[in-house]
Amino acid sequence: MNSFASPHTLTALPLRPPVEALYARVFDAILEQRISATCRFTEDSLALMFEVRRSDIRSVLTQLSHQQVIILRSNHRPRVAALDIEQIRQMLHARRLTEITLMRLVCQRARTQDLQLLHRLVESERECTARGTAIRLSGEFHLCLADMAGNAPLAHFLGSLVPLSALAIVQAGVRTHDYCVWQIHHEILQALAHGNTEIAVAALTRHLDQLEEALLHAGSVVSQNRVAG
């Protein structure tokens with residue numbers, strides 16, 4: 001199961017498991033830059049901020065560190081990674097290679113309940129007005145697709161790339177309309193519903209092209225950043 005998202009986190013249940021729900025809250029705060037690369041924070045301060053146990057915060061920070069969003073070092077405060085342009089370039093290249101393969105696999109095995117799940121997620125994206133949450137939900141769409149592909153290693157690998165994409169979008173100051181959001185996800189969903197692999201792959205490729213254009217042209221913003229550790 002992807003730690004960034006999975007079908008289990010996207011069903012219409014009234015409550016999500018506490019740590020998974022806390023993960024979403026903390027990651028939204030990072031994407032809204034209430035917690036940024038320049039912030040000084042500790043497990044204790046975050047526990048107070050989110051009114052949760054320190055052990056739960058530690059679990060979330062560990063999750064985020066595995067995704068390279070948070071940097072954890074012995075005897076140092078945790079901090080948000082500051083991505084540089086070369087990291088972003090490599091991440092986008094790896095994501096393109098992985099996600100197009102996953103999309104072709106999804107097209108071979110998408111079920112009605114899978115499409116219903118994606119539809120609910122696209123509706124959540126469409127209705128969302130909070131920038132941080134909208135960026136996270138956009139990533140959840142892609143990782144939900146990955147979970148449906150039936151290839152756990154590839155889905156797990158994509159789970160390490162999509163959160164970095166979200167962080168890069170925020171740190172580069174990319175505006176929402178500079179890359180495709182729920183509209184292109186709806187287009188992908190429609191292609192899947194009609195069993196049209198080539199249209200689905202073409203839509204995804206266009207999505208990744210626009211994301212790459214937005215992020216790499218924001219290089220003047222991110223090129224000064226470096227991830228330490």
# chains A, B, ... in the order shown; residues from 1 in each chain; ligands from 1
>>> select_by_dssp(residues="region 54-187 of chain A", states="strand (DSSP E)", output="list in words")
Ile70, Ile71, Arg79 and Val80 of chain A
>>> write_last_selection(atoms="C-alpha atoms", output="mmCIF file, in the first residue's frame")
data_model
loop_
_atom_site.group_PDB
_atom_site.id
_atom_site.type_symbol
_atom_site.label_atom_id
_atom_site.label_comp_id
_atom_site.auth_asym_id
_atom_site.auth_seq_id
_atom_site.Cartn_x
_atom_site.Cartn_y
_atom_site.Cartn_z
ATOM 1 C CA ILE A 70 11.264 15.501 5.550
ATOM 2 C CA ILE A 71 14.938 15.168 6.445
ATOM 3 C CA ARG A 79 13.164 19.796 8.529
ATOM 4 C CA VAL A 80 11.393 20.017 5.212
#
>>> select_by_dssp(residues="region 97-225 of chain A", states="alpha helix (DSSP H)", output="ChimeraX atom specification")
/A:97-109,112-127,131-148,152-171,182-193,197-216,219-222
>>> write_last_selection(atoms="C-alpha atoms", output="compact mmCIF listing (two decimals), in the first residue's frame")
# COMPACT_ATOMS: atom_id res chain seq x y z
CA LEU A 97 9.05 6.19 -17.07
CA THR A 98 7.21 4.60 -14.16
CA GLU A 99 3.79 6.13 -14.52
CA ILE A 100 3.29 5.50 -18.23
CA THR A 101 4.03 1.82 -17.64
CA LEU A 102 1.57 1.77 -14.75
CA MET A 103 -1.10 3.47 -16.86
CA ARG A 104 -0.87 0.76 -19.51
CA LEU A 105 -1.26 -1.89 -16.80
CA VAL A 106 -4.28 -0.10 -15.31
CA CYS A 107 -5.97 -0.01 -18.71
CA GLN A 108 -5.77 -3.80 -18.85
CA ARG A 109 -7.40 -4.41 -15.47
CA THR A 112 -16.07 -0.85 -12.21
CA GLN A 113 -15.33 -0.30 -8.53
CA ASP A 114 -11.93 1.15 -9.46
CA LEU A 115 -13.54 3.66 -11.79
CA GLN A 116 -16.08 4.60 -9.12
CA LEU A 117 -13.25 5.24 -6.69
CA LEU A 118 -11.44 7.45 -9.21
CA HIS A 119 -14.67 9.32 -9.93
CA ARG A 120 -15.13 10.13 -6.23
CA LEU A 121 -11.56 11.35 -6.05
CA VAL A 122 -11.92 13.59 -9.12
CA GLU A 123 -15.06 15.07 -7.57
CA SER A 124 -13.11 15.78 -4.37
CA GLU A 125 -10.43 17.52 -6.44
CA ARG A 126 -13.02 19.56 -8.33
CA GLU A 127 -14.69 20.76 -5.15
CA ARG A 131 -4.38 24.85 -2.42
CA GLY A 132 -2.40 22.43 -0.26
CA THR A 133 -5.18 19.88 -0.08
CA ALA A 134 -5.85 20.23 -3.82
CA ILE A 135 -2.22 19.44 -4.62
CA ARG A 136 -2.26 16.42 -2.30
CA LEU A 137 -5.53 15.13 -3.81
CA SER A 138 -4.05 15.47 -7.28
CA GLY A 139 -1.20 13.22 -6.18
CA GLU A 140 -3.62 10.76 -4.61
CA PHE A 141 -5.31 10.32 -7.99
CA HIS A 142 -2.04 9.15 -9.51
CA LEU A 143 -1.20 6.83 -6.65
CA CYS A 144 -4.70 5.41 -6.66
CA LEU A 145 -4.14 4.55 -10.33
CA ALA A 146 -0.80 2.97 -9.40
CA ASP A 147 -2.45 0.76 -6.78
CA MET A 148 -4.87 -0.47 -9.42
CA ALA A 152 3.39 -3.44 -6.11
CA PRO A 153 7.09 -2.58 -6.69
CA LEU A 154 6.25 0.01 -9.36
CA ALA A 155 3.43 1.45 -7.27
CA HIS A 156 5.73 1.68 -4.26
CA PHE A 157 8.38 3.47 -6.35
CA LEU A 158 5.83 5.98 -7.65
CA GLY A 159 4.80 6.51 -4.03
CA SER A 160 8.25 7.99 -3.42
CA LEU A 161 8.03 10.33 -6.43
CA VAL A 162 4.56 11.87 -6.28
CA PRO A 163 4.99 13.49 -2.82
CA LEU A 164 8.23 15.05 -4.10
CA SER A 165 6.33 16.39 -7.12
CA ALA A 166 3.84 18.02 -4.76
CA LEU A 167 6.62 19.55 -2.69
CA ALA A 168 8.35 20.83 -5.84
CA ILE A 169 5.12 22.48 -7.05
CA VAL A 170 4.84 24.40 -3.79
CA GLN A 171 8.48 25.36 -3.47
CA TRP A 182 -8.85 17.67 -12.09
CA GLN A 183 -9.93 18.28 -15.70
CA ILE A 184 -7.21 16.07 -17.15
CA HIS A 185 -7.83 13.47 -14.44
CA HIS A 186 -11.44 13.40 -15.63
CA GLU A 187 -10.18 12.88 -19.19
CA ILE A 188 -8.04 9.95 -18.04
CA LEU A 189 -11.01 8.50 -16.17
CA GLN A 190 -13.22 8.73 -19.26
CA ALA A 191 -10.56 6.98 -21.37
CA LEU A 192 -10.35 4.18 -18.82
CA ALA A 193 -14.13 3.84 -18.74
CA THR A 197 -5.47 2.83 -23.62
CA GLU A 198 -3.91 5.22 -26.13
CA ILE A 199 -6.11 8.16 -25.12
CA ALA A 200 -5.40 7.48 -21.44
CA VAL A 201 -1.63 7.33 -22.05
CA ALA A 202 -1.75 10.45 -24.25
CA ALA A 203 -3.63 12.36 -21.55
CA LEU A 204 -1.16 11.28 -18.89
CA THR A 205 1.78 12.21 -21.13
CA ARG A 206 0.30 15.67 -21.68
CA HIS A 207 -0.22 15.98 -17.92
CA LEU A 208 3.45 15.15 -17.25
CA ASP A 209 4.61 17.45 -20.06
CA GLN A 210 2.74 20.37 -18.51
CA LEU A 211 4.02 19.57 -15.04
CA GLU A 212 7.59 19.37 -16.32
CA GLU A 213 7.21 22.65 -18.20
CA ALA A 214 5.86 24.40 -15.12
CA LEU A 215 8.50 23.04 -12.73
CA LEU A 216 11.61 23.29 -14.89
CA GLY A 219 14.17 26.72 -12.04
CA SER A 220 15.21 30.21 -11.02
CA VAL A 221 13.18 29.73 -7.85
CA VAL A 222 14.36 26.26 -6.91
>>> atom_distance(atom1="CA of Ala149 (chain A)", atom2="CA of Arg96 (chain A)")
15.4 Å
>>> atom_distance(atom1="CA of Ala172 (chain A)", atom2="CA of Val60 (chain A)")
23.9 Å
>>> atom_distance(atom1="CA of Ala24 (chain A)", atom2="CA of Gln67 (chain A)")
13.7 Å
>>> residues_around(residues="region 43-58 of chain A", least_positions_apart="3", cutoff="12 Å", atoms="only C-alpha atoms", output="list in words")
Pro17, Pro18, Val19, Glu20, Ala21, Leu22, Tyr23, Ala24, Arg25, Val26, Phe27, Asp28, Ala29, Ile30, Arg34, Ile35, Cys39, Arg40, Leu61, Thr62, Gln63, Leu64, Ser65, Ile70, Leu72, His76, Arg77, Pro78 and Arg79 of chain A
